[in-house]
Amino acid sequence: MTYFWSADIQQGQLTKKGTSKSLQSSTEETSLLLDEQLLQYMDQLESLQEKRSALNTLIEQGWFSLSKARYSMGNKQVSSLQYASEMEPQIFVQARAVENDALEFCTERITIQSPTERVQNTTSVEDIGPKEEGVRRRIKASKDMAEPEELVGASTENPSPTSTKPPSGSHRNNSDQNPQADPLKWFGILVPQTLKQAQSSFRQGRVLQLSKRLVPLTILLPVQRQSVLLSNVQMIALYNYIHK
Amino acid sequence: MAGRGKLIAVIGDEDTCTGFLLGGIGELNKNRKPNFLVVEKDTSITEIEETFKSFLVRNDIGIILINQFIAEMIRHAIDGHLESIPAVLEIPSKEHPYDASKDSILRRAKGMFSAEDFR
């Protein structure tokens, strides 16, 4: 009986030893994980701060250039009243999920061709058309009733393009006024250099690239903090269990 | 159009909006709804909040840039938004420098070592 007793006690001690060993190892693992996550968290926080300050500096540069442009152009010339009635975005953001539930943002830029570029890219036959039509219109306006023969002569010189010219000509006139191509044109054709600088400091991917890098960090930080907290709680629970 | 990415929306003062629109983020959709709001002196907080909420429910917006002083006005709405997309990014304004202690993200992230965080 005594033998069994002692055996039981021995077995109990052994199991307790085994449990404490496994707990010890899990504590070490958890503390390593905690350290790793904490370091990662601090790195992210540091990088967020750096990017934030770079972004703020760039935005400030942009404002400074805008103010200079406003000074040279006039107060009301650089305001929200000048915005176009039709706008088309040139920058898009693509968000995709990567590992650890993190999101990755990437910006894509669409270059909208200016109307003149669009016309240049079309075929040469279409290029000739609007020019001829412009001349014909002037003649039509001045000598519409007096010399109809000249008009016929002009149309017979280029019979094939004339049939397609009126729509292309009107399209060109409309697209010349199209404000979508470059937002800089909302503020005039001959804008000061400072406004261009303002545009480049806001545009160039720099501000937007920075903001796109900032966003995942801002999303990631609370998540990471949560995981650090969880490991911390786990660690404390383990510690309490061992030292009971 | 279906495969295109998401837009960047801006809620800010005139200079901030003008700058970002110059950068080419502006859009007026088919319903003539813009993806930006120019906040002026007479813009009410209700209007700002409604616009912010309308941006949150729009599927085509990925990031909302908002001036920090405007974010302060609708802090409850910003704190209530916990989704990743659209992500809300607070930026400084011309008259109000950036204050990290007011940033909703940093406020969520900080305070990791205090006892209150374990509750």
# chains A, B, ... in the order shown; residues from 1 in each chain; ligands from 1
$ residues_around --residues "B:Gly5" --least-positions-apart "3" --cutoff "8 Å" --atoms "only C-alpha atoms" --output "list in words"
Phe92, Val93, Gln94, Ala95 and Glu108 of chain A; Asp60 of chain B
$ write_last_selection --atoms "C-alpha atoms" --output "PDB file, in the first residue's frame"
ATOM      1  CA  PHE A  92      -7.430  55.165 -58.988  1.00  0.00           C
ATOM      2  CA  VAL A  93      -6.611  53.082 -55.964  1.00  0.00           C
ATOM      3  CA  GLN A  94      -6.521  49.307 -56.040  1.00  0.00           C
ATOM      4  CA  ALA A  95      -6.822  47.565 -52.699  1.00  0.00           C
ATOM      5  CA  GLU A 108      -2.881  53.516 -61.001  1.00  0.00           C
TER       6      GLU A 108
ATOM      7  CA  ASP B  60     -16.289  53.300 -55.560  1.00  0.00           C
TER       8      ASP B  60
END
$ closest_atom_pairs --of "chain B" --to "chain A" --cutoff "8 Å" --atoms "only C-alpha atoms" --output "tab-separated table"
residue	atom	partner	partner_atom	distance
B:Arg4	CA	A:Phe92	CA	7.3
B:Gly5	CA	A:Gln94	CA	4.9
B:Lys6	CA	A:Val93	CA	4.9
B:Leu7	CA	A:Phe92	CA	5.2
B:Ile8	CA	A:Phe92	CA	7.1
B:Glu14	CA	A:Ser80	CA	6.5
B:Asp15	CA	A:Trp63	CA	6.6
B:Thr16	CA	A:Trp63	CA	7.6
B:Thr18	CA	A:Ser80	CA	6.8
B:Gly19	CA	A:Phe202	CA	5.9
B:Phe20	CA	A:Phe202	CA	6.0
B:Leu21	CA	A:Pro183	CA	7.0
B:Leu22	CA	A:Pro183	CA	5.2
B:Gly23	CA	A:Arg203	CA	3.9
B:Gly24	CA	A:Gln90	CA	5.1
B:Ile25	CA	A:Pro89	CA	4.9
B:Gly26	CA	A:Pro89	CA	5.2
B:Glu27	CA	A:Met87	CA	4.8
B:Leu28	CA	A:Met87	CA	5.4
B:Val38	CA	A:Ser80	CA	7.6
B:Gly62	CA	A:Val93	CA	6.5
B:Ile63	CA	A:Val93	CA	7.9
B:Ser84	CA	A:Ile219	CA	6.3
B:Ala87	CA	A:Val215	CA	6.5
B:Val88	CA	A:Val215	CA	7.8
B:Leu89	CA	A:Val215	CA	6.9
B:Ile91	CA	A:Asn56	CA	7.3
B:Pro92	CA	A:Asn56	CA	6.8
B:Lys94	CA	A:Trp63	CA	7.2
B:Tyr98	CA	A:Asn56	CA	7.8
B:Ile105	CA	A:Thr218	CA	6.1
B:Leu106	CA	A:Thr218	CA	7.8
B:Arg108	CA	A:Pro222	CA	6.1
B:Ala109	CA	A:Pro222	CA	5.0
B:Met112	CA	A:Arg225	CA	7.0
B:Asp117	CA	A:Leu229	CA	7.8
B:Phe118	CA	A:Leu229	CA	7.1
$ atom_distance --atom1 "atom CA of B:Leu82" --atom2 "atom CA of B:Phe36"
21.2 Å
$ atom_distance --atom1 "atom CA of B:His96" --atom2 "atom CA of A:Lys76"
22.5 Å
$ closest_residue --among "B:Glu72, B:Lys33, B:Glu47, B:His81" --to "B:Ser101" --atoms "only C-alpha atoms"
B:Glu72
$ select_by_dssp --residues "chain B" --states "strand (DSSP E)" --output "list in words"
Leu7, Ile8, Ala9, Val10, Ile11, Gly12, Phe36, Leu37, Val38, Ile61, Gly62, Ile63, Ile64, Leu65, Ile66, Asn67, Ala87, Val88, Leu89, Glu90 and Ile91 of chain B
$ atom_distance --atom1 "atom CA of A:Tyr71" --atom2 "atom CA of B:Ser93"
19.2 Å
$ closest_residue --among "B:Ile48, B:Asp42, B:Phe69, B:Ile61" --to "B:Ile85" --atoms "only C-alpha atoms"
B:Ile61
$ closest_residue --among "B:Lys30, B:Pro86, B:Glu49, B:Ser104" --to "B:Leu65" --atoms "only C-alpha atoms"
B:Pro86
$ residues_around --residues "B:Lys41" --least-positions-apart "2" --cutoff "12 Å" --atoms "only C-alpha atoms" --output "list in words"
Gly12, Asp13, Glu14, Val38, Val39, Thr43, Ser44, Ile45, Ile48 and Ile70 of chain B
$ select_by_dssp --residues "chain B" --states "alpha helix (DSSP H)" --output "MDAnalysis selection string"
chainID B and resid 14:22 45:57 68:73 75:80 104:109
$ decode --residues "stretch 28-58 of chain A" --atoms "N, CA and C atoms" --output "CSV table (one decimal), in the first residue's frame"
chain,number,residue,atom,x,y,z
A,28,GLU,N,8.0,30.7,-23.1
A,28,GLU,CA,9.1,31.2,-23.9
A,28,GLU,C,8.7,31.6,-25.3
A,29,GLU,N,7.9,30.6,-25.8
A,29,GLU,CA,7.4,30.9,-27.2
A,29,GLU,C,6.5,32.2,-27.2
A,30,THR,N,5.7,32.3,-26.2
A,30,THR,CA,4.8,33.4,-26.2
A,30,THR,C,5.6,34.7,-26.1
A,31,SER,N,6.6,34.7,-25.2
A,31,SER,CA,7.4,35.9,-25.0
A,31,SER,C,8.1,36.3,-26.2
A,32,LEU,N,8.6,35.2,-26.9
A,32,LEU,CA,9.3,35.5,-28.2
A,32,LEU,C,8.4,36.2,-29.2
A,33,LEU,N,7.2,35.6,-29.3
A,33,LEU,CA,6.2,36.1,-30.2
A,33,LEU,C,5.8,37.5,-29.8
A,34,LEU,N,5.7,37.7,-28.5
A,34,LEU,CA,5.3,39.1,-28.1
A,34,LEU,C,6.4,40.1,-28.4
A,35,ASP,N,7.7,39.7,-28.2
A,35,ASP,CA,8.8,40.6,-28.6
A,35,ASP,C,8.8,40.9,-30.0
A,36,GLU,N,8.6,39.8,-30.8
A,36,GLU,CA,8.6,40.0,-32.3
A,36,GLU,C,7.5,41.0,-32.7
A,37,GLN,N,6.3,40.8,-32.2
A,37,GLN,CA,5.2,41.6,-32.6
A,37,GLN,C,5.4,43.0,-32.1
A,38,LEU,N,6.0,43.2,-30.9
A,38,LEU,CA,6.2,44.5,-30.4
A,38,LEU,C,7.2,45.3,-31.2
A,39,LEU,N,8.3,44.6,-31.7
A,39,LEU,CA,9.3,45.2,-32.5
A,39,LEU,C,8.7,45.6,-33.9
A,40,GLN,N,7.9,44.7,-34.4
A,40,GLN,CA,7.2,45.0,-35.7
A,40,GLN,C,6.3,46.2,-35.6
A,41,TYR,N,5.6,46.2,-34.5
A,41,TYR,CA,4.7,47.3,-34.2
A,41,TYR,C,5.4,48.6,-34.1
A,42,MET,N,6.5,48.6,-33.4
A,42,MET,CA,7.3,49.8,-33.3
A,42,MET,C,7.9,50.3,-34.6
A,43,ASP,N,8.3,49.3,-35.4
A,43,ASP,CA,8.8,49.6,-36.8
A,43,ASP,C,7.7,50.3,-37.6
A,44,GLN,N,6.6,49.7,-37.5
A,44,GLN,CA,5.4,50.3,-38.3
A,44,GLN,C,5.1,51.7,-37.9
A,45,LEU,N,5.2,51.9,-36.6
A,45,LEU,CA,4.8,53.2,-36.0
A,45,LEU,C,5.9,54.2,-36.4
A,46,GLU,N,7.1,53.8,-36.4
A,46,GLU,CA,8.2,54.7,-36.9
A,46,GLU,C,8.0,55.1,-38.3
A,47,SER,N,7.8,54.1,-39.1
A,47,SER,CA,7.6,54.3,-40.6
A,47,SER,C,6.4,55.2,-40.9
A,48,LEU,N,5.4,55.0,-40.1
A,48,LEU,CA,4.2,55.8,-40.2
A,48,LEU,C,4.5,57.3,-39.9
A,49,GLN,N,5.3,57.5,-38.9
A,49,GLN,CA,5.6,58.9,-38.5
A,49,GLN,C,6.4,59.5,-39.6
A,50,GLU,N,7.4,58.8,-40.1
A,50,GLU,CA,8.3,59.3,-41.2
A,50,GLU,C,7.4,59.7,-42.4
A,51,LYS,N,6.6,58.8,-42.8
A,51,LYS,CA,5.8,59.0,-44.0
A,51,LYS,C,4.8,60.1,-43.8
A,52,ARG,N,4.3,60.2,-42.6
A,52,ARG,CA,3.3,61.3,-42.3
A,52,ARG,C,4.0,62.6,-42.4
A,53,SER,N,5.2,62.7,-41.9
A,53,SER,CA,5.9,64.0,-41.9
A,53,SER,C,6.3,64.4,-43.3
A,54,ALA,N,6.7,63.4,-44.1
A,54,ALA,CA,7.0,63.6,-45.6
A,54,ALA,C,5.8,64.1,-46.3
A,55,LEU,N,4.6,63.5,-46.0
A,55,LEU,CA,3.4,63.8,-46.7
A,55,LEU,C,3.0,65.3,-46.3
A,56,ASN,N,3.1,65.6,-45.0
A,56,ASN,CA,2.8,66.9,-44.6
A,56,ASN,C,3.6,68.0,-45.3
A,57,THR,N,4.9,67.7,-45.4
A,57,THR,CA,5.8,68.6,-46.0
A,57,THR,C,5.4,68.9,-47.5
A,58,LEU,N,5.1,67.8,-48.2
A,58,LEU,CA,4.7,67.9,-49.6
A,58,LEU,C,3.4,68.7,-49.8
